[in-house]
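Notes for the one structure printed next.
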Amino acid sequence: MAGTGPVAAGEPEGRMRPDETTVPVLPCVSAEETLAFYRALGFEVTHEQTRPYLYLAFRWSGFDLHFGRAPEGLDPALETSGGCLVMVDEVAPYHAELTRAMRAAYGKVLGRGLPRITRHRPGASRFTLMDPSGNSIIFIRRDEPAEPGYGGPASPEGLAGALGQVRVFREFKNDDRAAHRRARSALRRHGDGAPVADRALAYATLVELSVALGDEAGAREWRERLAGTVLTGEERERVEAELGNADALRDWLDGDGGGADRA
């Protein structure tokens, strides 16, 4: 507690020090489901109480999560219940461990619906764990840029700029559906006048997003469009890298451990 430790000579009693610890208290809709989910992922239960009021506490690695009763009428499906940021040096090891634990407990990765874990693409700086109550536990790399870059030209325009916005929706907002809508809209608006390489990259991006959304028919359609696109060797390498992400994502969702950290 601030102010209770040793005080240096000449310093006033009770002085605040920058050594605080914060612990989020998140809403819990079902104690049974919350306990089962976090235990399945390897979290230690440090406090379990349901009467006279609900209070649960968990610890995993170096951080704690606490839970109290959710307000009446809270709908977990809206996924706006509460949230917590977990700042780490590298996110990939955390994603790998949670994926491993989830697959061991459930026989598969919970990649869609609620609860779930979002995918982690190569180089991405965050991912999200959604719990049964609709809380989001977001693991973020400490050196993540304050403003996400678009990954395109300095002043993004046309299809290239739109693909940068798609990346923001997909990797920073964890909103695959919005990313999919933005990519399709950009193709309708800018596709005819865009360079072939940008158009091909949009097709490949839509393949990956369709897989993420469970739309295999859509994924096949975008692959077919891509197959009819003529590219140079360098352009094809870039597109194939994006397609590789789609293949790794499918492996990760289907249970191939080799794709877990590439998706």
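Each chain of the structure tokens is named A, B, ... in the order shown, its residues numbered from 1; ligands are numbered from 1 in display order.
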
Spatial neighbours of segment 239-251 of chain A, 12 Å, only C-alpha atoms, chain gap at least 3 places, as number ranges by chain | A: 108-109, 111, 118-123, 167, 196-216, 219-220, 222-223, 226-227, 229-236, 254-263

List every residue of segment 66-211 of chain A that DSSP, applied to the backbone, labels as strand (DSSP E or B), and write the result as a list in words.
->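 Listing strand (DSSP E or B) positions across segment 66-211 of chain A yields His66, Phe67, Gly68, Arg69, Gly82, Gly83, Cys84, Leu85, Val86, Met87, Val88, Arg116, Ile117, Arg126, Phe127, Thr128, Leu129, Met130, Asn135, Ser136, Ile137, Ile138, Phe139, Ile140 and Arg141 of chain A.
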
Keeping only N, CA and C atoms, write the selected residues to a file as a compact mmCIF listing (two decimals), in the first residue's frame.
```txt
# COMPACT_ATOMS: atom_id res chain seq x y z
N HIS A 66 -9.81 -10.15 -11.09
CA HIS A 66 -10.86 -10.36 -10.10
C HIS A 66 -12.21 -10.14 -10.76
N PHE A 67 -13.24 -10.77 -10.21
CA PHE A 67 -14.58 -10.70 -10.78
C PHE A 67 -15.62 -10.49 -9.69
N GLY A 68 -16.60 -9.63 -9.99
CA GLY A 68 -17.75 -9.43 -9.13
C GLY A 68 -19.02 -9.69 -9.93
N ARG A 69 -20.15 -9.63 -9.24
CA ARG A 69 -21.41 -9.94 -9.92
C ARG A 69 -21.70 -8.90 -10.99
N GLY A 82 -16.61 -5.70 -20.01
CA GLY A 82 -15.48 -5.08 -19.34
C GLY A 82 -14.22 -5.44 -20.09
N GLY A 83 -13.10 -4.95 -19.60
CA GLY A 83 -11.85 -5.24 -20.30
C GLY A 83 -10.64 -4.99 -19.44
N CYS A 84 -9.53 -5.55 -19.90
CA CYS A 84 -8.27 -5.42 -19.18
C CYS A 84 -7.14 -5.47 -20.21
N LEU A 85 -6.15 -4.59 -20.08
CA LEU A 85 -4.96 -4.63 -20.92
C LEU A 85 -3.83 -5.30 -20.15
N VAL A 86 -3.19 -6.28 -20.78
CA VAL A 86 -2.04 -6.97 -20.18
C VAL A 86 -0.82 -6.61 -21.04
N MET A 87 0.05 -5.77 -20.51
CA MET A 87 1.21 -5.30 -21.26
C MET A 87 2.37 -6.28 -21.07
N VAL A 88 2.93 -6.77 -22.18
CA VAL A 88 3.99 -7.78 -22.13
C VAL A 88 5.09 -7.41 -23.12
N ARG A 116 -13.62 -17.10 -26.59
CA ARG A 116 -12.72 -17.37 -27.72
C ARG A 116 -11.39 -16.66 -27.50
N ILE A 117 -10.45 -17.02 -28.35
CA ILE A 117 -9.18 -16.31 -28.44
C ILE A 117 -9.00 -15.88 -29.89
N ARG A 126 -0.74 -7.58 -30.76
CA ARG A 126 -1.78 -7.82 -29.75
C ARG A 126 -2.68 -8.98 -30.15
N PHE A 127 -3.37 -9.52 -29.18
CA PHE A 127 -4.46 -10.46 -29.40
C PHE A 127 -5.39 -10.35 -28.21
N THR A 128 -6.59 -10.92 -28.34
CA THR A 128 -7.60 -10.77 -27.29
C THR A 128 -8.15 -12.13 -26.86
N LEU A 129 -8.33 -12.28 -25.57
CA LEU A 129 -9.02 -13.43 -24.99
C LEU A 129 -10.38 -12.93 -24.51
N MET A 130 -11.44 -13.51 -25.06
CA MET A 130 -12.80 -13.14 -24.66
C MET A 130 -13.34 -14.21 -23.72
N ASN A 135 -16.08 -10.30 -21.35
CA ASN A 135 -14.94 -9.44 -21.02
C ASN A 135 -13.80 -9.69 -22.01
N SER A 136 -13.06 -8.66 -22.34
CA SER A 136 -11.92 -8.80 -23.25
C SER A 136 -10.62 -8.59 -22.48
N ILE A 137 -9.75 -9.62 -22.50
CA ILE A 137 -8.42 -9.53 -21.90
C ILE A 137 -7.47 -9.37 -23.08
N ILE A 138 -6.92 -8.17 -23.24
CA ILE A 138 -6.13 -7.84 -24.43
C ILE A 138 -4.65 -7.84 -24.07
N PHE A 139 -3.91 -8.74 -24.68
CA PHE A 139 -2.47 -8.82 -24.50
C PHE A 139 -1.81 -7.91 -25.54
N ILE A 140 -1.00 -6.96 -25.08
CA ILE A 140 -0.42 -5.95 -25.96
C ILE A 140 1.09 -5.87 -25.73
N ARG A 141 1.84 -5.83 -26.80
CA ARG A 141 3.29 -5.64 -26.71
C ARG A 141 3.58 -4.23 -26.22
```

Between atom CA of Ala70 of chain A and atom CA of Arg177 of chain A, what is the spacing in Å?
->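 Separation between atom CA of Arg177 of chain A and atom CA of Ala70 of chain A: 27.4 Å.
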
Just list the residues in segment 30-261 of chain A DSSP gives alpha helix (DSSP H) on the backbone, as a ChimeraX atom specification.
-> /A:31-40,92-106,158-167,176-190,196-212,216-227,233-254

For Gly107 of chain A, which residue among A:Ala186, A:Ala160, A:Ala40, A:Cys28 is the nearest when counting only C-alpha atoms?
->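 That would be A:Ala40, the residue with the smallest distance to Gly107 of chain A.
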
Nearest candidate to Ser81 of chain A (options A:Glu157, A:Glu97, A:Glu32, A:Asp131; using only C-alpha atoms) |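 Of the candidates, the smallest distance to Ser81 of chain A is held by A:Asp131.
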
For atom CA of Thr22 of chain A and atom CA of Trp60 of chain A, determine how far apart the two atoms are, in Å to one decimal place.
-> 14.8 Å

Which is closest to Asp143 of chain A among A:Asp192, A:Glu79, A:Glu90, A:Glu48, if we use only C-alpha atoms?
->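 Once distances to Asp143 of chain A are computed over only C-alpha atoms, the minimum belongs to A:Glu90.
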
Just the residues within 9 Å of Val23 of chain A, please, counting only C-alpha atoms, with nothing from its chain fewer than 6 positions along; format it as a ChimeraX atom specification.
-> /A:63-66

For all heavy atoms, I'd like the residues from the last selection saved as an mmCIF file, in the first residue's frame.
```
data_model
loop_
_atom_site.group_PDB
_atom_site.id
_atom_site.type_symbol
_atom_site.label_atom_id
_atom_site.label_comp_id
_atom_site.auth_asym_id
_atom_site.auth_seq_id
_atom_site.Cartn_x
_atom_site.Cartn_y
_atom_site.Cartn_z
ATOM 1 N N PHE A 63 0.065 -11.734 -13.419
ATOM 2 C CA PHE A 63 -1.019 -10.758 -13.233
ATOM 3 C C PHE A 63 -2.254 -11.429 -12.632
ATOM 4 O O PHE A 63 -2.388 -12.648 -12.632
ATOM 5 C CB PHE A 63 -1.378 -10.060 -14.556
ATOM 6 C CG PHE A 63 -2.033 -10.945 -15.579
ATOM 7 C CD1 PHE A 63 -3.417 -11.014 -15.676
ATOM 8 C CD2 PHE A 63 -1.272 -11.699 -16.459
ATOM 9 C CE1 PHE A 63 -4.027 -11.826 -16.621
ATOM 10 C CE2 PHE A 63 -1.881 -12.516 -17.415
ATOM 11 C CZ PHE A 63 -3.262 -12.577 -17.495
ATOM 12 N N ASP A 64 -3.145 -10.586 -12.101
ATOM 13 C CA ASP A 64 -4.362 -11.043 -11.436
ATOM 14 C C ASP A 64 -5.593 -10.488 -12.130
ATOM 15 O O ASP A 64 -5.588 -9.359 -12.644
ATOM 16 C CB ASP A 64 -4.377 -10.584 -9.973
ATOM 17 C CG ASP A 64 -3.244 -11.182 -9.164
ATOM 18 O OD1 ASP A 64 -2.155 -10.572 -9.132
ATOM 19 O OD2 ASP A 64 -3.447 -12.246 -8.568
ATOM 20 N N LEU A 65 -6.671 -11.276 -12.106
ATOM 21 C CA LEU A 65 -7.984 -10.835 -12.548
ATOM 22 C C LEU A 65 -8.983 -11.143 -11.447
ATOM 23 O O LEU A 65 -8.993 -12.254 -10.912
ATOM 24 C CB LEU A 65 -8.412 -11.568 -13.825
ATOM 25 C CG LEU A 65 -7.607 -11.359 -15.102
ATOM 26 C CD1 LEU A 65 -8.151 -12.263 -16.206
ATOM 27 C CD2 LEU A 65 -7.652 -9.910 -15.541
ATOM 28 N N HIS A 66 -9.809 -10.153 -11.089
ATOM 29 C CA HIS A 66 -10.860 -10.357 -10.102
ATOM 30 C C HIS A 66 -12.211 -10.136 -10.764
ATOM 31 O O HIS A 66 -12.322 -9.397 -11.755
ATOM 32 C CB HIS A 66 -10.688 -9.396 -8.928
ATOM 33 C CG HIS A 66 -9.496 -9.709 -8.071
ATOM 34 N ND1 HIS A 66 -9.327 -9.172 -6.809
ATOM 35 C CD2 HIS A 66 -8.412 -10.498 -8.290
ATOM 36 C CE1 HIS A 66 -8.183 -9.621 -6.291
ATOM 37 N NE2 HIS A 66 -7.617 -10.424 -7.179
#
```

Just give me the gap between atom CA of Arg100 of chain A and atom CA of Asn174 of chain A in Å, one decimal is fine.
-> 20.6 Å
